[in-house]
>>> print(open('query.txt').read())   # compact mmCIF, C-alpha atoms
# COMPACT_ATOMS: atom_id res chain seq x y z
CA MET A 12 -5.90 9.46 5.58
CA LEU A 13 -3.94 9.22 8.78
CA ILE A 14 -3.74 11.36 11.88
CA GLY A 15 -0.31 12.24 13.20
CA THR A 16 1.75 14.74 15.14
CA VAL A 17 4.62 16.68 13.60
CA SER A 18 7.74 15.59 15.47
CA GLY A 19 10.65 16.92 13.47
CA SER A 20 12.11 17.93 10.15
CA LEU A 21 14.92 16.84 7.87
CA TRP A 22 17.49 18.43 5.64
CA ALA A 23 18.77 16.92 2.41
CA THR A 24 21.08 18.89 0.16
CA ARG A 25 21.38 16.18 -2.45
CA LYS A 26 17.90 15.21 -3.63
CA ASN A 27 15.68 14.69 -6.64
CA GLU A 28 15.42 18.02 -8.47
CA ASN A 29 11.62 17.96 -8.34
CA LEU A 30 11.78 18.02 -4.54
CA SER A 31 13.56 21.38 -4.44
CA GLY A 32 11.84 23.96 -2.32
CA LEU A 33 9.55 21.50 -0.58
CA LYS A 34 9.41 21.29 3.21
CA PHE A 35 9.65 17.78 4.65
CA LEU A 36 8.35 17.04 8.13
CA LEU A 37 8.54 13.96 10.31
CA VAL A 38 5.07 12.90 11.37
CA ASP A 39 4.41 10.41 14.16
CA ILE A 40 1.40 8.47 12.88
CA GLU A 41 -1.24 7.60 15.47
CA GLU A 42 -3.23 4.69 14.03
CA LYS A 43 -4.02 2.95 17.29
CA SER A 44 -4.89 5.66 19.75
CA PRO A 45 -4.09 9.33 20.34
CA ASP A 46 -0.57 10.08 21.53
CA VAL A 47 0.63 6.53 20.86
CA PRO A 48 2.50 6.70 17.56
CA THR A 49 2.86 3.46 15.61
CA LYS A 50 5.42 4.70 13.09
CA THR A 51 7.16 7.81 11.85
CA ILE A 52 6.96 8.89 8.21
CA VAL A 53 8.19 11.87 6.21
CA ALA A 54 5.50 14.02 4.60
CA ALA A 55 5.72 17.01 2.30
CA ASP A 56 3.99 20.01 3.84
CA THR A 57 2.14 22.76 2.00
CA GLU A 58 -0.14 23.77 4.87
CA GLY A 59 2.46 25.48 7.05
CA ALA A 60 2.46 22.86 9.80
CA GLY A 61 4.82 23.21 12.74
CA PHE A 62 6.29 21.12 15.54
CA GLY A 63 3.56 19.57 17.67
CA ASP A 64 0.72 20.22 15.24
CA VAL A 65 -1.78 17.41 14.82
CA VAL A 66 -2.13 16.91 11.09
CA LEU A 67 -4.05 14.98 8.46
CA VAL A 68 -1.74 13.03 6.15
CA THR A 69 -2.66 11.57 2.78
CA THR A 70 -0.56 8.82 1.20
CA GLY A 71 0.20 7.30 -2.18
CA GLY A 72 -0.78 8.97 -5.42
CA SER A 73 -2.98 11.44 -3.55
CA ALA A 74 0.16 13.05 -2.12
CA ARG A 75 1.10 14.14 -5.63
CA VAL A 76 -2.47 15.33 -6.12
CA ALA A 77 -2.11 17.40 -2.95
CA LEU A 78 1.02 19.07 -4.30
CA GLY A 79 -0.72 19.77 -7.60
CA SER A 80 1.93 18.07 -9.70
CA SER A 81 2.34 14.57 -11.09
CA GLU A 82 6.09 15.23 -11.39
CA VAL A 83 6.91 15.44 -7.68
CA PRO A 84 8.05 12.06 -6.32
CA VAL A 85 6.33 12.11 -2.93
CA ASP A 86 4.12 9.44 -1.35
CA ALA A 87 2.88 11.36 1.70
CA ALA A 88 1.64 14.92 2.20
CA ILE A 89 0.15 16.96 5.00
CA VAL A 90 -3.26 18.12 3.71
CA GLY A 91 -4.71 19.66 6.86
CA ILE A 92 -4.00 21.01 10.33
CA ILE A 93 -6.49 19.33 12.65
CA ASP A 94 -8.30 21.65 15.05
CA SER A 95 -10.22 19.01 16.93
CA VAL A 96 -11.09 15.33 16.87
CA GLU A 97 -14.37 14.12 18.31
CA ARG A 98 -14.29 10.46 19.30
CA ASN A 99 -17.47 8.63 20.19
CA GLN A 100 -17.05 6.58 23.33
CA MET B 1 8.41 8.89 2.45
CA LEU B 2 10.52 6.73 4.68
CA ILE B 3 13.89 7.19 6.31
CA GLY B 4 16.40 4.38 6.02
CA THR B 5 20.06 3.45 5.95
CA VAL B 6 21.73 1.88 2.93
CA SER B 7 22.88 -1.57 4.05
CA GLY B 8 23.85 -3.39 0.87
CA SER B 9 23.39 -3.94 -2.82
CA LEU B 10 22.29 -6.69 -5.13
CA TRP B 11 23.22 -8.09 -8.50
CA ALA B 12 20.77 -9.59 -10.97
CA THR B 13 21.94 -10.58 -14.44
CA ARG B 14 18.53 -11.76 -15.57
CA LYS B 15 16.00 -8.98 -15.10
CA ASN B 16 13.29 -6.94 -16.76
CA GLU B 17 14.89 -5.07 -19.67
CA ASN B 18 13.65 -1.71 -18.38
CA LEU B 19 15.71 -2.19 -15.21
CA SER B 20 19.00 -2.32 -17.13
CA GLY B 21 21.58 0.15 -15.92
CA LEU B 22 19.78 0.95 -12.70
CA LYS B 23 21.53 0.63 -9.34
CA PHE B 24 19.59 -1.27 -6.67
CA LEU B 25 20.40 -0.77 -3.02
CA LEU B 26 19.17 -2.50 0.11
CA VAL B 27 17.75 0.04 2.53
CA ASP B 28 17.01 -0.74 6.18
CA ILE B 29 13.83 1.23 6.85
CA GLU B 30 13.62 2.97 10.21
CA GLU B 31 9.93 3.62 10.88
CA LYS B 32 9.99 3.24 14.64
CA SER B 33 13.12 4.97 15.83
CA PRO B 34 16.57 5.80 14.48
CA ASP B 35 18.96 2.86 14.11
CA VAL B 36 16.20 0.31 14.71
CA PRO B 37 15.22 -0.99 11.25
CA THR B 38 11.78 -2.53 10.90
CA LYS B 39 12.29 -4.04 7.45
CA THR B 40 14.68 -4.11 4.51
CA ILE B 41 13.56 -3.11 1.02
CA VAL B 42 15.27 -2.71 -2.35
CA ALA B 43 15.24 0.79 -3.82
CA ALA B 44 16.49 2.14 -7.14
CA ASP B 45 19.06 4.85 -6.61
CA THR B 46 19.65 7.89 -8.79
CA GLU B 47 21.20 10.08 -6.10
CA GLY B 48 24.53 8.30 -5.78
CA ALA B 49 23.90 6.90 -2.30
CA GLY B 50 26.50 4.65 -0.68
CA PHE B 51 26.78 2.15 2.15
CA GLY B 52 25.78 3.71 5.46
CA ASP B 53 24.09 6.76 3.98
CA VAL B 54 20.84 7.80 5.61
CA VAL B 55 18.38 8.26 2.76
CA LEU B 56 14.86 9.38 1.93
CA VAL B 57 12.89 6.68 0.12
CA THR B 58 9.68 7.18 -1.83
CA THR B 59 7.39 4.27 -2.62
CA GLY B 60 4.67 3.23 -5.05
CA GLY B 61 4.00 5.14 -8.24
CA SER B 62 6.19 8.02 -7.05
CA ALA B 63 9.24 5.79 -7.50
CA ARG B 64 8.57 5.75 -11.22
CA VAL B 65 8.07 9.53 -11.07
CA ALA B 66 11.48 9.80 -9.38
CA LEU B 67 13.13 7.87 -12.21
CA GLY B 68 11.38 10.05 -14.78
CA SER B 69 9.82 7.15 -16.64
CA SER B 70 6.49 5.38 -16.43
CA GLU B 71 8.08 2.34 -18.10
CA VAL B 72 10.44 1.34 -15.29
CA PRO B 73 8.86 -1.29 -13.02
CA VAL B 74 10.10 -0.05 -9.65
CA ASP B 75 8.09 0.60 -6.47
CA ALA B 76 10.78 2.25 -4.33
CA ALA B 77 13.43 4.87 -5.08
CA ILE B 78 16.00 6.83 -3.13
CA VAL B 79 15.12 10.50 -3.68
CA GLY B 80 17.49 12.18 -1.25
CA ILE B 81 20.59 11.81 0.89
CA ILE B 82 19.66 13.07 4.35
CA ASP B 83 22.14 15.46 5.94
CA SER B 84 20.41 15.83 9.27
CA VAL B 85 17.19 15.00 11.06
CA GLU B 86 15.89 17.26 13.81
CA ARG B 87 13.56 15.50 16.21
CA ASN B 88 11.56 17.45 18.72
CA GLN B 89 11.72 15.86 22.14
CA MET C 17 11.03 -3.84 -4.32
CA LEU C 18 11.20 -6.89 -2.14
CA ILE C 19 13.53 -9.86 -1.97
CA GLY C 20 11.98 -13.32 -1.78
CA THR C 21 12.44 -16.98 -2.54
CA VAL C 22 10.18 -18.88 -4.93
CA SER C 23 8.43 -21.53 -2.84
CA GLY C 24 5.66 -22.88 -5.05
CA SER C 25 3.18 -22.36 -7.81
CA LEU C 26 -0.57 -22.36 -8.25
CA TRP C 27 -3.11 -23.47 -10.80
CA ALA C 28 -6.39 -21.70 -11.49
CA THR C 29 -8.59 -22.83 -14.36
CA ARG C 30 -11.23 -20.21 -13.77
CA LYS C 31 -9.63 -16.78 -13.81
CA ASN C 32 -9.77 -13.30 -15.28
CA GLU C 33 -9.29 -13.62 -19.03
CA ASN C 34 -6.38 -11.18 -19.01
CA LEU C 35 -4.43 -13.53 -16.76
CA SER C 36 -4.44 -16.35 -19.33
CA GLY C 37 -1.02 -17.69 -20.16
CA LEU C 38 0.69 -16.03 -17.21
CA LYS C 39 2.76 -18.07 -14.76
CA PHE C 40 2.02 -17.41 -11.07
CA LEU C 41 4.57 -18.28 -8.42
CA LEU C 42 4.42 -18.23 -4.66
CA VAL C 43 7.21 -16.08 -3.25
CA ASP C 44 8.24 -16.12 0.39
CA ILE C 45 9.09 -12.48 1.08
CA GLU C 46 12.14 -11.85 3.26
CA GLU C 47 11.77 -8.33 4.65
CA LYS C 48 13.44 -8.91 7.99
CA SER C 49 16.45 -11.06 7.29
CA PRO C 50 17.55 -13.67 4.75
CA ASP C 51 15.83 -17.05 4.98
CA VAL C 52 13.23 -15.76 7.43
CA PRO C 53 10.09 -15.11 5.36
CA THR C 54 7.55 -12.68 6.76
CA LYS C 55 4.74 -13.47 4.33
CA THR C 56 3.95 -15.36 1.13
CA ILE C 57 2.56 -13.58 -1.91
CA VAL C 58 1.69 -14.62 -5.46
CA ALA C 59 3.66 -12.91 -8.23
CA ALA C 60 3.40 -13.11 -12.00
CA ASP C 61 6.69 -14.28 -13.51
CA THR C 62 8.14 -13.27 -16.85
CA GLU C 63 11.77 -13.94 -15.99
CA GLY C 64 11.66 -17.74 -15.95
CA ALA C 65 12.14 -18.10 -12.20
CA GLY C 66 12.05 -21.58 -10.64
CA PHE C 67 11.65 -23.20 -7.23
CA GLY C 68 14.27 -21.93 -4.81
CA ASP C 69 15.35 -18.94 -6.87
CA VAL C 70 15.93 -15.73 -4.95
CA VAL C 71 14.00 -13.06 -6.82
CA LEU C 72 13.29 -9.35 -6.94
CA VAL C 73 9.57 -8.59 -6.71
CA THR C 74 7.90 -5.32 -7.61
CA THR C 75 4.43 -4.48 -6.32
CA GLY C 76 1.46 -2.28 -7.12
CA GLY C 77 1.08 -0.52 -10.44
CA SER C 78 4.69 -1.32 -11.34
CA ALA C 79 3.72 -4.99 -11.67
CA ARG C 80 1.53 -4.05 -14.62
CA VAL C 81 4.41 -1.97 -15.97
CA ALA C 82 6.62 -5.04 -15.70
CA LEU C 83 4.18 -7.09 -17.77
CA GLY C 84 3.99 -4.33 -20.35
CA SER C 85 0.22 -4.04 -20.20
CA SER C 86 -2.16 -1.85 -18.25
CA GLU C 87 -4.90 -4.44 -18.83
CA VAL C 88 -3.45 -7.26 -16.74
CA PRO C 89 -4.85 -7.22 -13.18
CA VAL C 90 -1.72 -8.12 -11.23
CA ASP C 91 -0.23 -6.35 -8.22
CA ALA C 92 3.08 -8.23 -7.94
CA ALA C 93 5.62 -9.38 -10.51
CA ILE C 94 9.03 -10.99 -10.48
CA VAL C 95 11.34 -8.55 -12.26
CA GLY C 96 14.72 -10.17 -11.65
CA ILE C 97 16.55 -13.31 -10.59
CA ILE C 98 19.03 -12.25 -7.93
CA ASP C 99 22.58 -13.58 -8.37
CA SER C 100 24.01 -12.18 -5.18
CA VAL C 101 23.25 -9.82 -2.33
CA GLU C 102 26.04 -7.94 -0.58
CA ARG C 103 25.14 -6.88 2.94
CA ASN C 104 27.30 -4.45 4.84
CA GLN C 105 27.89 -5.63 8.39
CA MET D 17 -12.10 -2.91 0.74
CA LEU D 18 -12.21 -2.87 4.50
CA ILE D 19 -15.00 -3.10 7.04
CA GLY D 20 -15.04 -0.59 9.86
CA THR D 21 -17.18 1.29 12.33
CA VAL D 22 -17.50 5.07 12.33
CA SER D 23 -16.06 6.24 15.64
CA GLY D 24 -15.68 9.98 15.31
CA SER D 25 -15.10 13.00 13.17
CA LEU D 26 -12.51 15.73 12.81
CA TRP D 27 -12.38 19.41 12.10
CA ALA D 28 -9.63 21.15 10.18
CA THR D 29 -9.94 24.82 9.28
CA ARG D 30 -6.64 24.98 7.47
CA LYS D 31 -6.56 22.35 4.76
CA ASN D 32 -5.92 21.67 1.10
CA GLU D 33 -8.43 23.72 -0.91
CA ASN D 34 -9.67 20.65 -2.77
CA LEU D 35 -10.82 19.14 0.53
CA SER D 36 -13.27 21.98 1.22
CA GLY D 37 -16.79 20.84 1.89
CA LEU D 38 -15.88 17.21 2.40
CA LYS D 39 -16.87 15.35 5.56
CA PHE D 40 -14.11 13.38 7.24
CA LEU D 41 -14.93 10.54 9.59
CA LEU D 42 -12.77 8.39 11.84
CA VAL D 43 -13.29 4.73 11.04
CA ASP D 44 -12.12 1.91 13.29
CA ILE D 45 -11.02 -0.76 10.84
CA GLU D 46 -11.89 -4.33 11.75
CA GLU D 47 -9.54 -6.57 9.77
CA LYS D 48 -9.22 -9.36 12.27
CA SER D 49 -12.68 -9.92 13.67
CA PRO D 50 -15.86 -7.92 14.23
CA ASP D 51 -15.72 -5.35 17.01
CA VAL D 52 -11.96 -5.66 17.40
CA PRO D 53 -10.48 -2.69 15.54
CA THR D 54 -6.88 -2.99 14.38
CA LYS D 55 -6.38 0.66 13.46
CA THR D 56 -8.21 3.94 13.01
CA ILE D 57 -8.13 5.82 9.73
CA VAL D 58 -9.77 8.96 8.38
CA ALA D 59 -12.10 8.49 5.41
CA ALA D 60 -14.01 10.97 3.28
CA ASP D 61 -17.73 10.26 3.40
CA THR D 62 -20.23 10.81 0.62
CA GLU D 63 -22.76 8.22 1.76
CA GLY D 64 -24.08 10.06 4.81
CA ALA D 65 -22.58 7.71 7.38
CA GLY D 66 -23.01 8.46 11.09
CA PHE D 67 -21.49 7.48 14.43
CA GLY D 68 -21.68 3.73 14.96
CA ASP D 69 -22.45 2.83 11.35
CA VAL D 70 -20.64 -0.19 9.97
CA VAL D 71 -19.18 0.94 6.67
CA LEU D 72 -17.29 -0.28 3.62
CA VAL D 73 -14.09 1.69 3.05
CA THR D 74 -12.06 1.77 -0.14
CA THR D 75 -8.44 2.90 -0.13
CA GLY D 76 -5.79 4.29 -2.44
CA GLY D 77 -6.63 5.66 -5.87
CA SER D 78 -10.13 4.20 -5.67
CA ALA D 79 -10.97 6.76 -2.98
CA ARG D 80 -10.55 9.49 -5.57
CA VAL D 81 -12.66 7.43 -7.96
CA ALA D 82 -15.35 7.24 -5.28
CA LEU D 83 -15.39 11.02 -4.97
CA GLY D 84 -15.59 11.39 -8.72
CA SER D 85 -12.56 13.64 -8.97
CA SER D 86 -8.89 13.03 -9.61
CA GLU D 87 -8.13 16.39 -7.97
CA VAL D 88 -9.17 15.54 -4.43
CA PRO D 89 -6.17 14.35 -2.34
CA VAL D 90 -7.84 11.55 -0.36
CA ASP D 91 -6.67 7.97 0.08
CA ALA D 92 -9.71 6.51 1.84
CA ALA D 93 -13.45 6.89 1.28
CA ILE D 94 -16.62 5.39 2.68
CA VAL D 95 -18.39 3.77 -0.28
CA GLY D 96 -21.21 1.95 1.46
CA ILE D 97 -23.22 1.59 4.66
CA ILE D 98 -23.26 -2.11 5.50
CA ASP D 99 -26.66 -3.56 6.37
CA SER D 100 -25.51 -7.04 7.23
CA VAL D 101 -22.49 -9.31 7.06
CA GLU D 102 -22.94 -13.05 6.69
CA ARG D 103 -19.96 -15.03 7.94
CA ASN D 104 -19.64 -18.72 7.22
CA GLN D 105 -18.66 -20.62 10.34
CA MET E 15 -1.63 -11.14 -5.38
CA LEU E 16 -2.84 -12.83 -2.25
CA ILE E 17 -4.33 -16.23 -1.53
CA GLY E 18 -7.46 -16.40 0.61
CA THR E 19 -10.58 -18.32 1.40
CA VAL E 20 -14.07 -16.91 0.87
CA SER E 21 -15.65 -16.69 4.32
CA GLY E 22 -18.78 -14.61 3.88
CA SER E 23 -20.62 -11.90 2.07
CA LEU E 24 -22.09 -8.51 2.85
CA TRP E 25 -25.12 -6.47 1.94
CA ALA E 26 -25.18 -2.71 1.57
CA THR E 27 -28.28 -0.96 0.30
CA ARG E 28 -26.78 2.50 0.48
CA LYS E 29 -23.57 2.57 -1.54
CA ASN E 30 -21.65 4.36 -4.25
CA GLU E 31 -23.70 4.16 -7.45
CA ASN E 32 -20.80 2.64 -9.37
CA LEU E 33 -20.83 -0.36 -7.03
CA SER E 34 -24.40 -1.34 -7.99
CA GLY E 35 -24.75 -4.90 -9.14
CA LEU E 36 -21.35 -5.98 -7.89
CA LYS E 37 -20.98 -8.97 -5.54
CA PHE E 38 -18.80 -8.37 -2.49
CA LEU E 39 -17.27 -11.29 -0.64
CA LEU E 40 -15.32 -11.51 2.59
CA VAL E 41 -11.97 -13.18 2.00
CA ASP E 42 -9.77 -14.47 4.79
CA ILE E 43 -6.26 -13.71 3.55
CA GLU E 44 -3.64 -16.36 4.20
CA GLU E 45 -0.26 -14.63 3.96
CA LYS E 46 1.57 -16.68 6.53
CA SER E 47 0.53 -20.26 5.97
CA PRO E 48 -2.49 -22.14 4.60
CA ASP E 49 -5.61 -22.10 6.76
CA VAL E 50 -4.19 -19.44 9.08
CA PRO E 51 -5.78 -16.17 8.01
CA THR E 52 -3.99 -12.97 8.91
CA LYS E 53 -6.80 -10.57 8.05
CA THR E 54 -10.20 -10.38 6.40
CA ILE E 55 -10.84 -8.07 3.47
CA VAL E 56 -13.79 -7.39 1.17
CA ALA E 57 -13.23 -8.15 -2.51
CA ALA E 58 -15.44 -7.65 -5.56
CA ASP E 59 -16.05 -10.94 -7.32
CA THR E 60 -16.52 -11.47 -11.04
CA GLU E 61 -15.40 -15.10 -11.13
CA GLY E 62 -18.41 -16.65 -9.42
CA ALA E 63 -16.59 -17.61 -6.23
CA GLY E 64 -18.55 -19.21 -3.38
CA PHE E 65 -18.18 -19.88 0.35
CA GLY E 66 -15.06 -21.91 1.05
CA ASP E 67 -13.42 -21.36 -2.32
CA VAL E 68 -9.70 -20.65 -2.26
CA VAL E 69 -9.21 -17.58 -4.40
CA LEU E 70 -6.58 -15.32 -5.89
CA VAL E 71 -7.10 -11.68 -4.89
CA THR E 72 -5.53 -8.66 -6.56
CA THR E 73 -5.34 -5.33 -4.78
CA GLY E 74 -5.01 -1.62 -5.49
CA GLY E 75 -5.48 -0.20 -8.96
CA SER E 76 -5.38 -3.68 -10.48
CA ALA E 77 -8.77 -4.39 -8.89
CA ARG E 78 -10.28 -1.74 -11.13
CA VAL E 79 -8.40 -3.26 -14.06
CA ALA E 80 -9.95 -6.63 -13.17
CA LEU E 81 -13.43 -5.14 -13.29
CA GLY E 82 -12.69 -3.51 -16.62
CA SER E 83 -13.62 -0.03 -15.47
CA SER E 84 -11.67 2.87 -14.04
CA GLU E 85 -14.91 4.25 -12.57
CA VAL E 86 -15.56 1.51 -10.02
CA PRO E 87 -14.15 2.45 -6.58
CA VAL E 88 -12.80 -0.95 -5.50
CA ASP E 89 -9.35 -1.79 -4.16
CA ALA E 90 -9.59 -5.59 -4.12
CA ALA E 91 -10.99 -8.12 -6.57
CA ILE E 92 -11.13 -11.88 -6.89
CA VAL E 93 -9.37 -12.71 -10.16
CA GLY E 94 -9.22 -16.49 -9.98
CA ILE E 95 -10.52 -19.61 -8.27
CA ILE E 96 -7.48 -21.63 -7.23
CA ASP E 97 -7.59 -25.33 -8.12
CA SER E 98 -4.35 -26.30 -6.45
CA VAL E 99 -1.28 -24.86 -4.81
CA GLU E 100 2.04 -26.69 -4.97
CA ARG E 101 4.41 -25.76 -2.18
CA ASN E 102 8.02 -26.81 -2.25
CA GLN E 103 9.15 -28.18 1.09
>>> encode(input="query.txt", output="structure tokens")
Amino acid sequence: MLIGTVSGSLWATRKNENLSGLKFLLVDIEEKSPDVPTKTIVAADTEGAGFGDVVLVTTGGSARVALGSSEVPVDAAIVGIIDSVERNQ
Amino acid sequence: MLIGTVSGSLWATRKNENLSGLKFLLVDIEEKSPDVPTKTIVAADTEGAGFGDVVLVTTGGSARVALGSSEVPVDAAIVGIIDSVERNQ
Amino acid sequence: MLIGTVSGSLWATRKNENLSGLKFLLVDIEEKSPDVPTKTIVAADTEGAGFGDVVLVTTGGSARVALGSSEVPVDAAIVGIIDSVERNQ
Amino acid sequence: MLIGTVSGSLWATRKNENLSGLKFLLVDIEEKSPDVPTKTIVAADTEGAGFGDVVLVTTGGSARVALGSSEVPVDAAIVGIIDSVERNQ
Amino acid sequence: MLIGTVSGSLWATRKNENLSGLKFLLVDIEEKSPDVPTKTIVAADTEGAGFGDVVLVTTGGSARVALGSSEVPVDAAIVGIIDSVERNQ
């Protein structure tokens, strides 16, 4: 999974019917170090994340697992709101 | 999912039979920041996207989910036409 | 999917038995711009592609879908010979 | 699979219900050379890894296989604690 | 699939039980040009590859297909020993 910060949202009227009702958030992925995003992806959110939240994102088939449906065409989902990260120096 | 802009199309007479009738669009993927594409991929389109549209692209097995068939050998599909993106500064 | 140009082939006598009879081609993937490959991968070919052909490559599980068998351990397959690409300037 | 070093852990109270009880560790992935991490990911751990352990990480669908459940939305799992690596010079 | 050269091996006493008995090799992946590795991964080997062999590596779900079991949590497998590569200049 990846750690990221929610940085925005998007609106799409015309979309795949199985995406209806889902909330899509932009997440700045921080793979290198905290607060230095390497890329921005769009993740479906079922955890109620908001702007600025640090989140845990799962990708690939596990995103569909997270949404509980094999019919939803997503490849990234927010699966947790991170309270704290402990890094060993 | 990824955000991108439709930048072209392609034509292939000789192709896998399960790709017949599908529309393939070039999408400039914008993972770093808006209007700065990092790579160009080919995505199947079922949403009626056109040149210049900003689209939501899903990848991997979810592309087949988007097309509603496990028999279509695609790994990227346009699943939405994006109306607006709100980025938190 | 990715656009690439067939740049070579390989021979492997000792291989997984489910790969027997398959043709494997080297494909220079052009993700950034035409004629500037970013990496070279090996793709199974069922479309009769030859040296210099510009091809459409699908990756991941869809490669097995392309070959029509869930038993063939491939992660990339040529699914089309591209006649022309129209890029919007 | 990838080789990495456990560098931290994270805590998330609000998360997907199928992640309850799992331990999540930060792993600095070393794809280029030992001790030079290229990125940090979050992996589920069932092997009892601790800070500083060099571990074997599997990604994608095989992470769910490692956890023995297709219902757990993870895309990376620690599947071994590495005792030694022999590199041919 | 990817071309690489076997550069080492690893030993892990504590590991997922479904990995028991498997041989894991380090493979320097050569995606850019021959003899210039871009990254090192760990692949399960069932072809009897040895140090210095140039091998064909499959990734993702196809690695499990190569091992003939959906229960083995691997994401990369050596599926062939390459005898020769012909590159078109």
>>> atom_distance(input="query.txt", atom1="atom CA of E:Ser47", atom2="atom CA of C:Leu35")
24.2 Å
>>> interface_residues(input="query.txt", of="chain A", to="chain D", cutoff="12 Å", atoms="all atoms listed in the file", output="PyMOL selection string")
chain A and resi 12-15+40-45+47-49+56-60+64-81+86-100
>>> write_last_selection(input="query.txt", atoms="C-alpha atoms", output="PDB file, in the coordinates of the input")
ATOM      1  CA  MET A  12      -5.900   9.460   5.580  1.00  0.00           C
ATOM      2  CA  LEU A  13      -3.940   9.220   8.780  1.00  0.00           C
ATOM      3  CA  ILE A  14      -3.740  11.360  11.880  1.00  0.00           C
ATOM      4  CA  GLY A  15      -0.310  12.240  13.200  1.00  0.00           C
ATOM      5  CA  ILE A  40       1.400   8.470  12.880  1.00  0.00           C
ATOM      6  CA  GLU A  41      -1.240   7.600  15.470  1.00  0.00           C
ATOM      7  CA  GLU A  42      -3.230   4.690  14.030  1.00  0.00           C
ATOM      8  CA  LYS A  43      -4.020   2.950  17.290  1.00  0.00           C
ATOM      9  CA  SER A  44      -4.890   5.660  19.750  1.00  0.00           C
ATOM     10  CA  PRO A  45      -4.090   9.330  20.340  1.00  0.00           C
ATOM     11  CA  VAL A  47       0.630   6.530  20.860  1.00  0.00           C
ATOM     12  CA  PRO A  48       2.500   6.700  17.560  1.00  0.00           C
ATOM     13  CA  THR A  49       2.860   3.460  15.610  1.00  0.00           C
ATOM     14  CA  ASP A  56       3.990  20.010   3.840  1.00  0.00           C
ATOM     15  CA  THR A  57       2.140  22.760   2.000  1.00  0.00           C
ATOM     16  CA  GLU A  58      -0.140  23.770   4.870  1.00  0.00           C
ATOM     17  CA  GLY A  59       2.460  25.480   7.050  1.00  0.00           C
ATOM     18  CA  ALA A  60       2.460  22.860   9.800  1.00  0.00           C
ATOM     19  CA  ASP A  64       0.720  20.220  15.240  1.00  0.00           C
ATOM     20  CA  VAL A  65      -1.780  17.410  14.820  1.00  0.00           C
ATOM     21  CA  VAL A  66      -2.130  16.910  11.090  1.00  0.00           C
ATOM     22  CA  LEU A  67      -4.050  14.980   8.460  1.00  0.00           C
ATOM     23  CA  VAL A  68      -1.740  13.030   6.150  1.00  0.00           C
ATOM     24  CA  THR A  69      -2.660  11.570   2.780  1.00  0.00           C
ATOM     25  CA  THR A  70      -0.560   8.820   1.200  1.00  0.00           C
ATOM     26  CA  GLY A  71       0.200   7.300  -2.180  1.00  0.00           C
ATOM     27  CA  GLY A  72      -0.780   8.970  -5.420  1.00  0.00           C
ATOM     28  CA  SER A  73      -2.980  11.440  -3.550  1.00  0.00           C
ATOM     29  CA  ALA A  74       0.160  13.050  -2.120  1.00  0.00           C
ATOM     30  CA  ARG A  75       1.100  14.140  -5.630  1.00  0.00           C
ATOM     31  CA  VAL A  76      -2.470  15.330  -6.120  1.00  0.00           C
ATOM     32  CA  ALA A  77      -2.110  17.400  -2.950  1.00  0.00           C
ATOM     33  CA  LEU A  78       1.020  19.070  -4.300  1.00  0.00           C
ATOM     34  CA  GLY A  79      -0.720  19.770  -7.600  1.00  0.00           C
ATOM     35  CA  SER A  80       1.930  18.070  -9.700  1.00  0.00           C
ATOM     36  CA  SER A  81       2.340  14.570 -11.090  1.00  0.00           C
ATOM     37  CA  ASP A  86       4.120   9.440  -1.350  1.00  0.00           C
ATOM     38  CA  ALA A  87       2.880  11.360   1.700  1.00  0.00           C
ATOM     39  CA  ALA A  88       1.640  14.920   2.200  1.00  0.00           C
ATOM     40  CA  ILE A  89       0.150  16.960   5.000  1.00  0.00           C
ATOM     41  CA  VAL A  90      -3.260  18.120   3.710  1.00  0.00           C
ATOM     42  CA  GLY A  91      -4.710  19.660   6.860  1.00  0.00           C
ATOM     43  CA  ILE A  92      -4.000  21.010  10.330  1.00  0.00           C
ATOM     44  CA  ILE A  93      -6.490  19.330  12.650  1.00  0.00           C
ATOM     45  CA  ASP A  94      -8.300  21.650  15.050  1.00  0.00           C
ATOM     46  CA  SER A  95     -10.220  19.010  16.930  1.00  0.00           C
ATOM     47  CA  VAL A  96     -11.090  15.330  16.870  1.00  0.00           C
ATOM     48  CA  GLU A  97     -14.370  14.120  18.310  1.00  0.00           C
ATOM     49  CA  ARG A  98     -14.290  10.460  19.300  1.00  0.00           C
ATOM     50  CA  ASN A  99     -17.470   8.630  20.190  1.00  0.00           C
ATOM     51  CA  GLN A 100     -17.050   6.580  23.330  1.00  0.00           C
TER      52      GLN A 100
END
>>> atom_distance(input="query.txt", atom1="atom CA of D:Asp51", atom2="atom CA of E:Lys37")
23.4 Å
>>> atom_distance(input="query.txt", atom1="atom CA of E:Gly64", atom2="atom CA of E:Leu36")
14.3 Å
